[in-house]
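**Q** Quick one: the structure is below, and I'll ask about it shortly.
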Amino acid sequence: MPPRMRERILDFLSDRGTLAEPEVIEYLLRQEDPIASAAKVIGLFQEPPMVITLENVLRTSGIGRAVTTRVPLEVATVVVAPPTPPAMHVRIEAAIPASFRRSGIPAPEIAEDLRILKDITGRSTCEGTLADFSRYFHHRFTTLSRILRSRPEGAGAIEIARAKRLSREVKMIGIVRDVRPTKNGHRIVELEDDTDTVSVLLLANSSLAADPIVHDEVIGVVGTSNERGLMIAKSILHPDLPTAKSFPRTRDRIRVAFMSDIHVGSRTFLADRWAKFRDWVTNGDELARSLRYLVVIGDVVDGIGVYPRQDEELVIDDIYAQYEALAGMCAEMPDHLKVVLLPGNHDAVRPAEPQPALPSPIQKLFDSNVVFGGNPCTLSIHGVRILGYHGRSMDDFVSALPAMTYARPLDAMREMLRKRHLAPIYGGKTPIAPEAEDHLIIDQVPDVFVTGHVHAAAIGEHRGVVLVNSSTWQAQTSYQKMHNIEPMPARLPILDLHTGEAFQKSF
Ligand code: D5M
Ligand code: FE
Ligand code: ZN
């Protein structure tokens, strides 16, 4: 291997406006001609993503394993969650995974094991005062900098005030107060800690130029001050997951389905597709009978007064009546299917995140097979840790980062895991309540991370965390039409907790 091949690959990618996960670089280094292989990977995209993932590489024919990306109408499958963390663990299959063909235990025979580990319900303390804000950001900074410092690359970071006085290479951790391009194509990040702020220059011709840094995230910087006090960055550290984790397989084949954005009450709610789902889940096949849990990640109804002139798009214009209709739909599901409802930005709770569970007058409309959590919410299902977050912050990711799109929610979800924060950008479209603690920090790494909101449907993986963006049951709204957002409705992602494999069933 020629020396500095790693740098050559990094330069090759950054010259083309993209970056790659470390596993991708390792993988390319093992190829006979790493640069030619990198070119093949880039050739996959009309426009390369900001960060090329191992999954992307595995889709490239000619290198890696040959996989099919065309999916049949009925089932789209992505098989994830490695038992061990070697780099080559993601399989993408066109058919229903083998493990799903093996019958699961009929759901009525599985004793319920569902716990809500963490959400804000009943624990909100904030009043929105100035003191709340500074305490909130202090908690964000200290928690994420502790994670960064626990890594070999983050160890030895010093305070910004001290770093600015030294002329040698230094390491600092701070919160991004601003990030802006210069007229020469470089970028300047204003980094702040408790002691000072510093301007950090990310050179246009370096791999750092494309790092998707956003306002208010916590990063580490390795760099050297120039004579004018500008810190020239050599590398950027994100908290991320240090290594790929393995999936905690349950003993039994326990199956969990995910959905979101039902939008009951909206004119565009897809009643016919829902009826197909209901018929399947009530008297369907073996797979349907093996479903034990259904987790719904917000926007369960369309709500009232969520956007201007919404009343013109409602068929049920009373909030209670909307939840009553949903309660009826849940009551039609089999008794052994435990349903978890989390709120989203259309639901009848405060819009500021973290959002508590639906209020008790609404909960009382539902049968006992339905339980309620907040947004975000960490659940344990048979010991598998599931982080559900509606996903409002994806609006801010799409606005802030040119490479992000509504059609590719997994990109934003990977960034949330890299930044270890569900909604880093403060003051954008996502209203955030300055609680005493920052509940949007991803402090404990989940086994499964699920979002909704963008009305897309996708399954993937990031360092062993199963990623699911659950689909909608609403057709394109006039707002989405105006903004060219094409929904992917009526697809049900189903995860087997015994294998970590997931696939989507369409209705
Ligand atoms: O959001 C459904 C989709 O529509 C999601 O992709 C965001 C987009 N959307 C909806 N309203 C807005 C506003 N006001 N700004 C930006 N993007 C928006 P839902 O939460 O179901 O309305
Ligand atoms: Fe929605
Ligand atoms: Zn939403």
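Chains: A, B, ... in order of the structure tokens. Residues: from 1 per chain. Ligands: from 1, in order shown.
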Quick one: residues within 6 Å of A:Tyr389, only C-alpha atoms, excluding same-chain residues fewer than 5 positions away - as a list in words?

**A**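 Residues meeting the cut-off are Asn375, Pro376 and Thr451 of chain A.
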
**Q** For the selection you just gave me, I'd like the residues written to a file as a PDB file, in the first residue's frame, keeping N, CA, C and O atoms.

**A**
```
ATOM      1  N   ASN A 375     -42.406  12.763  23.573  1.00  0.00           N
ATOM      2  CA  ASN A 375     -41.582  12.898  22.361  1.00  0.00           C
ATOM      3  C   ASN A 375     -40.400  13.800  22.690  1.00  0.00           C
ATOM      4  O   ASN A 375     -40.621  14.961  22.967  1.00  0.00           O
ATOM      5  N   PRO A 376     -39.167  13.322  22.718  1.00  0.00           N
ATOM      6  CA  PRO A 376     -38.767  11.937  22.444  1.00  0.00           C
ATOM      7  C   PRO A 376     -39.114  11.015  23.597  1.00  0.00           C
ATOM      8  O   PRO A 376     -39.494  11.475  24.675  1.00  0.00           O
ATOM      9  N   THR A 451     -37.827   7.567  13.677  1.00  0.00           N
ATOM     10  CA  THR A 451     -38.436   8.885  13.504  1.00  0.00           C
ATOM     11  C   THR A 451     -39.597   8.786  12.512  1.00  0.00           C
ATOM     12  O   THR A 451     -39.788   7.754  11.870  1.00  0.00           O
TER      13      THR A 451
END
```

**Q** Residues within 6 Å of ligand 1 (only C-alpha atoms and all ligand atoms), as a list in words?

**A**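 Based on only C-alpha atoms and all ligand atoms, ligand 1 is surrounded within 6 Å by Asn345, Asp395, Tyr406, His453, Val454, His455 and Gln480 of chain A.
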
**Q** List as an MDAnalysis selection string the protein and nucleic acid residues near stretch 359-364 of chain A, meaning an atom at most 8 Å away when only C-alpha atoms are counted, but skip any in the same chain fewer than 4 places from it.

**A** chainID A and resid 320 323 348:349 372

**Q** Write a file of the selected residues as a PDB file, in the first residue's frame, keeping C-alpha atoms.

**A**
```pdb
ATOM      1  CA  TYR A 320     -61.519  15.130  20.777  1.00  0.00           C
ATOM      2  CA  TYR A 323     -58.699  11.158  18.970  1.00  0.00           C
ATOM      3  CA  ALA A 348     -52.713  18.004  21.403  1.00  0.00           C
ATOM      4  CA  VAL A 349     -49.715  18.674  23.660  1.00  0.00           C
ATOM      5  CA  PHE A 372     -48.689   6.732  25.900  1.00  0.00           C
TER       6      PHE A 372
END
```

**Q** Kindly work out which residues sit at most 7 Å from ligand 3, using only C-alpha atoms and all ligand atoms, and give the list as a list of chain:residue names.

**A**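 After applying the 7 Å limit, what remains is A:Asp261, A:Gly298, A:Asp299, A:Gly344, A:Asn345, A:His346, A:His390, A:Arg392, A:His453, A:Val454.
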
**Q** Please write the residues from the selection above to a file, keeping N, CA and C atoms, as a CSV table (one decimal), in the first residue's frame.

**A**
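Output file result.csv is given in full below:
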```
chain,number,residue,atom,x,y,z
A,261,ASP,N,-47.5,9.6,11.7
A,261,ASP,CA,-48.2,10.5,10.8
A,261,ASP,C,-49.4,9.9,10.2
A,298,GLY,N,-45.8,9.7,16.5
A,298,GLY,CA,-46.3,11.1,16.4
A,298,GLY,C,-47.1,11.5,15.2
A,299,ASP,N,-47.8,12.7,15.3
A,299,ASP,CA,-48.8,13.1,14.4
A,299,ASP,C,-49.9,12.1,14.2
A,344,GLY,N,-46.6,14.2,18.1
A,344,GLY,CA,-45.8,14.9,17.2
A,344,GLY,C,-46.3,16.4,17.2
A,345,ASN,N,-45.8,17.1,16.2
A,345,ASN,CA,-46.2,18.5,16.1
A,345,ASN,C,-47.6,18.8,15.8
A,346,HIS,N,-48.4,17.8,15.4
A,346,HIS,CA,-49.8,18.0,15.1
A,346,HIS,C,-50.7,17.6,16.3
A,390,HIS,N,-40.2,12.1,17.0
A,390,HIS,CA,-41.1,12.4,15.9
A,390,HIS,C,-40.3,12.9,14.7
A,392,ARG,N,-39.2,16.5,14.1
A,392,ARG,CA,-39.4,17.9,13.6
A,392,ARG,C,-38.1,18.5,13.2
A,453,HIS,N,-42.4,12.1,10.8
A,453,HIS,CA,-42.5,13.5,10.4
A,453,HIS,C,-42.4,13.8,8.9
A,454,VAL,N,-41.4,13.3,8.2
A,454,VAL,CA,-41.2,13.7,6.9
A,454,VAL,C,-42.0,12.9,5.9
```

**Q** Give me the residues within 9 Å of A:Pro431 as JSON, numbers by chain, counting only C-alpha atoms and dropping any in the same chain fewer than 2 places off.

**A** {"A": [351, 352, 353, 392, 393, 426, 427, 428, 429, 433]}

**Q** May I have the selected residues written with C-alpha atoms, as an mmCIF file, in the first residue's frame?

**A**
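Once written, result_5.cif looks like this:
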```
data_model
loop_
_atom_site.group_PDB
_atom_site.id
_atom_site.type_symbol
_atom_site.label_atom_id
_atom_site.label_comp_id
_atom_site.auth_asym_id
_atom_site.auth_seq_id
_atom_site.Cartn_x
_atom_site.Cartn_y
_atom_site.Cartn_z
ATOM 1 C CA PRO A 351 -45.412 22.036 20.662
ATOM 2 C CA ALA A 352 -42.091 22.702 22.430
ATOM 3 C CA GLU A 353 -39.818 19.675 22.655
ATOM 4 C CA ARG A 392 -39.387 17.853 13.606
ATOM 5 C CA SER A 393 -35.708 18.814 13.625
ATOM 6 C CA TYR A 426 -31.862 26.091 18.372
ATOM 7 C CA GLY A 427 -34.254 28.805 17.234
ATOM 8 C CA GLY A 428 -35.225 27.240 13.917
ATOM 9 C CA LYS A 429 -38.509 25.519 13.092
ATOM 10 C CA ALA A 433 -38.212 24.119 25.778
#
```

**Q** Kindly provide, as a ChimeraX atom specification, all nucleotide and amino acid residues lying within 12 Å of ligand 2, counting only C-alpha atoms and all ligand atoms.

**A** /A:259-264,266,268-269,296-303,306-307,343-347,390-392,394-395,451-456,469-477,479-480,485,487-489

**Q** Mind checking which residues fall within 7 Å of A:Arg249, counting only C-alpha atoms, ignoring those fewer than 6 positions away in the same chain, and posting them as a PyMOL selection string?

**A** chain A and resi 497-500

**Q** Return as a list of chain:residue names the full set of residues in stretch 107-139 of chain A whose backbone-based DSSP assignment is helix (DSSP H, G or I).

**A**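 Answer for stretch 107-139 of chain A restricted to helix (DSSP H, G or I) is A:Ala107, A:Pro108, A:Glu109, A:Leu130, A:Ala131, A:Asp132, A:Phe133, A:Ser134, A:Arg135, A:Tyr136, A:Phe137, A:His138, A:His139.
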
**Q** Measuring between only C-alpha atoms, which one of A:Ala423, A:Cys377, A:Asp318, A:Leu144 shows the shortest distance to A:Phe397?

**A**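 Looking only at the distances to A:Phe397, the closest residue turns out to be A:Ala423.
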